[in-house]
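*Asks:* Would you mind keeping the following structure in view while I ask a few things?
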Amino acid sequence: MIHYTCDRCKRQINTADQTRYIVQIDIQSAADHPAAEIEDDVDQLTELHQLLESMTDTEIEDDDVESSHHGRYDLCPECHRQFLKNPLGRDAVLALGFSNN
Ligand SMILES: [Zn+2]
């Protein structure tokens, strides 16, 4: 039997009586592409080729600057509930601000 560990609280997930939740995070930088200014079909094909080429280039650069990120995390039921309530961790930041006062 495979044992899973929650990536948030590091507790072991007993899949016999607990549900294991998988969170997949896919972050990409939202750069505006000049393709939005396409006006006729011929340019569109040319732009598409350029776009495909630039996308390939961007992927290589992204590995260096980490403007994109893909992560896959196992969560126990409790952490899954917490994550749903607050996927961006905003409450934690607020709580920290309050405790400083
Ligand atoms: Zn957990």
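Each chain in the structure tokens gets a letter, A, B and so on, in the order shown; residues start at 1 in every chain, and ligands are counted from 1 in the order they appear.
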Give the residue list for ligand 1 at 12 Å, counting only C-alpha atoms and all ligand atoms, as a list of chain:residue names, sorted by chain and then by residue number.

*Replies:*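 The distance check yields A:Tyr4, A:Thr5, A:Cys6, A:Asp7, A:Arg8, A:Cys9, A:Lys10, A:Arg11, A:Gln12, A:Ile13, A:Asn14, A:Gln18, A:Thr19, A:Arg20, A:Tyr21, A:Ile22, A:Val23, A:Tyr73, A:Asp74, A:Leu75, A:Cys76, A:Pro77, A:Glu78, A:Cys79, A:His80, A:Arg81, A:Gln82, A:Phe83.
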
*Asks:* Excluding same-chain residues fewer than 3 positions from Ser29 in chain A, what lies within 10 Å of it counting only C-alpha atoms, as a list in words?

*Replies:*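 Near Ser29 in chain A, the qualifying residues are Asp32, Asp62, Glu66, Ser67, Ser68 and His69 of chain A.
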